[in-house]
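Here is the structure we will look at, set down as structure tokens.
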Amino acid sequence: MVLRRRDPVGREGAVHGYRERDPHGEPGVDERDGRSAAAAGEEQRPHAEQWCRQQGARRVVDAERALVPARSLAPGDGGRCDGVRGKAGRPGEQLRPSTTAVPRRQQSREPEGNERSGEGDERIHAGRVERYARDVATKRYLFTPGPTPVPPEVLAAIGAPVIHHRSPEFLPVYERVLNRLREVCRTESDVLLFGASGTGAFESAVANLVSPGERHLVVSAGSFGERWVAMTTAFGADVDVLRYAWGETPDPDDLRVRLGEREAKAVWFVQSETSTGVVADVRALAAVAKESGALVVVDAVSSLGAVPCETDAWGLDVVVSGSQKALM
């Protein structure tokens, strides 16, 4: 352990702090301090001088973990180990504020250039560059169903000046986006654009198609199939669930049997079950649902743009998707 020599500012602050804790001036405080300082100076001087000579040639480790020479005494000390006070002052003298100006470099405790070796500077610089590269400049790759990496042209568009959504300049942009989305969704019907995640579009579909007490059938083979179950139940539907084990693929024949046993206003599917990676045959399932006269609602959040999803050709009534997955 290396103990650095205290500067006058630190000692002064400590003394004034002691006085603030004793605002009423306890009798004998000044006298006791002066007496203890005089006694300590005579008793500890030989030991302190010996310790200082032993520490003179040592090196210390600074906050950046770089080896630097130990700080020397103040200029004018001549390299001697007389930083330890040898003569005690009069009682109460140490409680007076110091009138000696402290150099700016000593207040900030910044070492001069010759106090830090070139090797230490290089190590500090290399460490800072390494931390910057690791925390800021590292390119990250997302190998997940979503969210997926944002293309550079999309990032550039986000950085462009914002067009107010009620201004005339926004209307052609919005119209162009909706027209192109019709092509992506393979439909001539209207496409609704939500400022929300896929869950917001889920809830919109349920709120518009479900009334309390109505019969609905959910085909579930994973986590997002269960989300359809939870939402339709929350809106008061009489929900029947055709449930499969996670990883299994829904069978159209099973759906035909269930609809023959119990009719449903709508059948809710998941085309690509993100939790398992299973892609259901929506075309075949939708055909069976249409045979019974049921509406078809498809969760295509992670499938639209990746696998075929023909909204009009397959008779899909509602298709829900998101921009942060296959469309990205």
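Residue numbers start at 1 in each chain; chains themselves are named A, B, ... in the order of the structure tokens; ligands are numbered from 1 in the order shown.
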
Can you tell me, as a PyMOL selection string, what residues are no more than 10 Å from Ser204 in chain A when counting only C-alpha atoms, ignoring any on the same chain fewer than 5 positions away?
-> chain A and resi 194+198-199+209+320

Save out the residues we just selected, N, CA and C atoms, as a tab-separated table (two decimals), in the first residue's frame.
chain	number	residue	atom	x	y	z
A	194	PHE	N	-50.77	0.83	-38.56
A	194	PHE	CA	-50.85	1.12	-37.12
A	194	PHE	C	-49.51	1.65	-36.62
A	198	GLY	N	-47.18	-5.49	-33.41
A	198	GLY	CA	-48.15	-6.45	-33.90
A	198	GLY	C	-49.28	-6.70	-32.91
A	199	THR	N	-48.98	-6.59	-31.64
A	199	THR	CA	-50.01	-6.79	-30.62
A	199	THR	C	-51.13	-5.77	-30.75
A	209	LEU	N	-64.09	-8.03	-34.33
A	209	LEU	CA	-64.73	-9.28	-34.76
A	209	LEU	C	-65.39	-10.05	-33.62
A	320	VAL	N	-52.68	-9.99	-40.11
A	320	VAL	CA	-51.95	-9.08	-39.23
A	320	VAL	C	-50.46	-9.32	-39.41

As a ChimeraX atom specification, please: all residues of range 145-182 of chain A that backbone DSSP puts in alpha helix (DSSP H).
-> /A:152-158,170-182

Using only C-alpha atoms, which residues sit within 12 Å of Arg180 in chain A once same-chain residues fewer than 6 positions away are excluded, as a VMD selection string?
-> chain A and resid 173 to 174 186 to 188 190 to 191 193

Just the residues within 12 Å of Thr232 in chain A, please, counting only C-alpha atoms, with nothing from its chain fewer than 2 positions along; format it as a ChimeraX atom specification.
-> /A:202-218,225-230,234-241,265-268,297

Let me see the file: selected residues, N, CA and C atoms, as a tab-separated table (two decimals), in the first residue's frame.
chain	number	residue	atom	x	y	z
A	202	PHE	N	-53.29	-7.02	-33.41
A	202	PHE	CA	-54.03	-8.16	-32.86
A	202	PHE	C	-55.30	-7.69	-32.16
A	203	GLU	N	-55.11	-6.74	-31.27
A	203	GLU	CA	-56.24	-6.28	-30.46
A	203	GLU	C	-57.30	-5.60	-31.33
A	204	SER	N	-56.86	-4.88	-32.36
A	204	SER	CA	-57.82	-4.25	-33.25
A	204	SER	C	-58.70	-5.29	-33.95
A	205	ALA	N	-58.07	-6.38	-34.41
A	205	ALA	CA	-58.84	-7.44	-35.07
A	205	ALA	C	-59.84	-8.07	-34.11
A	206	VAL	N	-59.40	-8.35	-32.89
A	206	VAL	CA	-60.29	-8.99	-31.92
A	206	VAL	C	-61.43	-8.06	-31.55
A	207	ALA	N	-61.12	-6.77	-31.33
A	207	ALA	CA	-62.15	-5.82	-30.92
A	207	ALA	C	-63.23	-5.65	-31.99
A	208	ASN	N	-62.85	-5.79	-33.26
A	208	ASN	CA	-63.82	-5.59	-34.35
A	208	ASN	C	-64.59	-6.85	-34.72
A	209	LEU	N	-64.09	-8.03	-34.33
A	209	LEU	CA	-64.73	-9.28	-34.76
A	209	LEU	C	-65.39	-10.05	-33.62
A	210	VAL	N	-65.08	-9.72	-32.39
A	210	VAL	CA	-65.57	-10.52	-31.26
A	210	VAL	C	-66.62	-9.74	-30.48
A	211	SER	N	-67.72	-10.39	-30.23
A	211	SER	CA	-68.74	-9.88	-29.31
A	211	SER	C	-68.93	-10.90	-28.20
A	212	PRO	N	-69.26	-10.47	-27.00
A	212	PRO	CA	-69.40	-11.41	-25.88
A	212	PRO	C	-70.39	-12.53	-26.20
A	213	GLY	N	-69.98	-13.75	-25.88
A	213	GLY	CA	-70.83	-14.91	-26.06
A	213	GLY	C	-70.72	-15.58	-27.42
A	214	GLU	N	-70.08	-14.96	-28.40
A	214	GLU	CA	-69.95	-15.57	-29.72
A	214	GLU	C	-68.92	-16.70	-29.70
A	215	ARG	N	-69.16	-17.69	-30.56
A	215	ARG	CA	-68.26	-18.83	-30.64
A	215	ARG	C	-67.12	-18.55	-31.62
A	216	HIS	N	-65.90	-18.79	-31.14
A	216	HIS	CA	-64.71	-18.62	-31.97
A	216	HIS	C	-63.80	-19.83	-31.76
A	217	LEU	N	-63.07	-20.18	-32.80
A	217	LEU	CA	-62.17	-21.33	-32.74
A	217	LEU	C	-60.74	-20.85	-32.99
A	218	VAL	N	-59.85	-21.21	-32.09
A	218	VAL	CA	-58.44	-20.85	-32.20
A	218	VAL	C	-57.63	-22.11	-32.42
A	225	GLY	N	-50.18	-18.70	-30.72
A	225	GLY	CA	-51.53	-19.26	-30.76
A	225	GLY	C	-52.24	-19.04	-29.45
A	226	GLU	N	-51.50	-19.19	-28.36
A	226	GLU	CA	-52.10	-18.94	-27.04
A	226	GLU	C	-52.42	-17.46	-26.85
A	227	ARG	N	-51.73	-16.58	-27.55
A	227	ARG	CA	-52.08	-15.17	-27.46
A	227	ARG	C	-53.45	-14.90	-28.08
A	228	TRP	N	-53.73	-15.56	-29.20
A	228	TRP	CA	-55.08	-15.46	-29.77
A	228	TRP	C	-56.12	-15.94	-28.76
A	229	VAL	N	-55.81	-17.03	-28.08
A	229	VAL	CA	-56.75	-17.57	-27.08
A	229	VAL	C	-56.99	-16.54	-25.98
A	230	ALA	N	-55.92	-15.95	-25.47
A	230	ALA	CA	-56.05	-15.00	-24.36
A	230	ALA	C	-56.84	-13.77	-24.78
A	234	ALA	N	-60.47	-12.59	-23.42
A	234	ALA	CA	-60.59	-11.33	-22.70
A	234	ALA	C	-61.73	-10.47	-23.22
A	235	PHE	N	-62.08	-10.61	-24.49
A	235	PHE	CA	-63.18	-9.84	-25.07
A	235	PHE	C	-64.52	-10.56	-24.95
A	236	GLY	N	-64.56	-11.63	-24.20
A	236	GLY	CA	-65.83	-12.27	-23.87
A	236	GLY	C	-66.29	-13.34	-24.82
A	237	ALA	N	-65.43	-13.80	-25.73
A	237	ALA	CA	-65.86	-14.82	-26.69
A	237	ALA	C	-65.97	-16.18	-26.01
A	238	ASP	N	-66.80	-17.04	-26.59
A	238	ASP	CA	-66.89	-18.45	-26.19
A	238	ASP	C	-65.85	-19.19	-27.03
A	239	VAL	N	-64.66	-19.37	-26.49
A	239	VAL	CA	-63.50	-19.81	-27.27
A	239	VAL	C	-63.36	-21.33	-27.20
A	240	ASP	N	-63.24	-21.93	-28.38
A	240	ASP	CA	-62.90	-23.34	-28.50
A	240	ASP	C	-61.48	-23.41	-29.06
A	241	VAL	N	-60.63	-24.24	-28.47
A	241	VAL	CA	-59.21	-24.27	-28.84
A	241	VAL	C	-58.88	-25.63	-29.43
A	265	LYS	N	-67.82	-18.51	-35.44
A	265	LYS	CA	-67.93	-17.30	-36.26
A	265	LYS	C	-66.64	-17.04	-37.02
A	266	ALA	N	-65.49	-17.28	-36.37
A	266	ALA	CA	-64.20	-17.04	-36.99
A	266	ALA	C	-63.21	-18.08	-36.50
A	267	VAL	N	-62.24	-18.39	-37.36
A	267	VAL	CA	-61.14	-19.29	-37.02
A	267	VAL	C	-59.86	-18.47	-37.03
A	268	TRP	N	-59.06	-18.59	-35.98
A	268	TRP	CA	-57.85	-17.79	-35.78
A	268	TRP	C	-56.62	-18.68	-35.94
A	297	VAL	N	-58.85	-15.41	-39.74
A	297	VAL	CA	-57.94	-14.38	-39.24
A	297	VAL	C	-56.56	-15.03	-39.09

Tell me, which residues of range 129-239 of chain A carry DSSP strand (DSSP E or B), written as a ChimeraX atom specification?
-> /A:215-220,238-239

How would the residues just chosen look if you wrote them out with C-alpha atoms as a PDB file, in the first residue's frame?
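Dumped everything to result27.pdb:
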ATOM      1  CA  ARG A 215     -68.262 -18.830 -30.635  1.00  0.00           C
ATOM      2  CA  HIS A 216     -64.713 -18.622 -31.969  1.00  0.00           C
ATOM      3  CA  LEU A 217     -62.166 -21.326 -32.742  1.00  0.00           C
ATOM      4  CA  VAL A 218     -58.437 -20.846 -32.204  1.00  0.00           C
ATOM      5  CA  VAL A 219     -55.841 -23.200 -33.702  1.00  0.00           C
ATOM      6  CA  SER A 220     -52.883 -23.075 -31.323  1.00  0.00           C
ATOM      7  CA  ASP A 238     -66.887 -18.445 -26.186  1.00  0.00           C
ATOM      8  CA  VAL A 239     -63.505 -19.815 -27.268  1.00  0.00           C
TER       9      VAL A 239
END

Could you please determine the separation between CA of Phe269 in chain A and CA of Gly305 in chain A in Å, to one decimal place?
->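 These atoms are spaced 17.2 Å apart.
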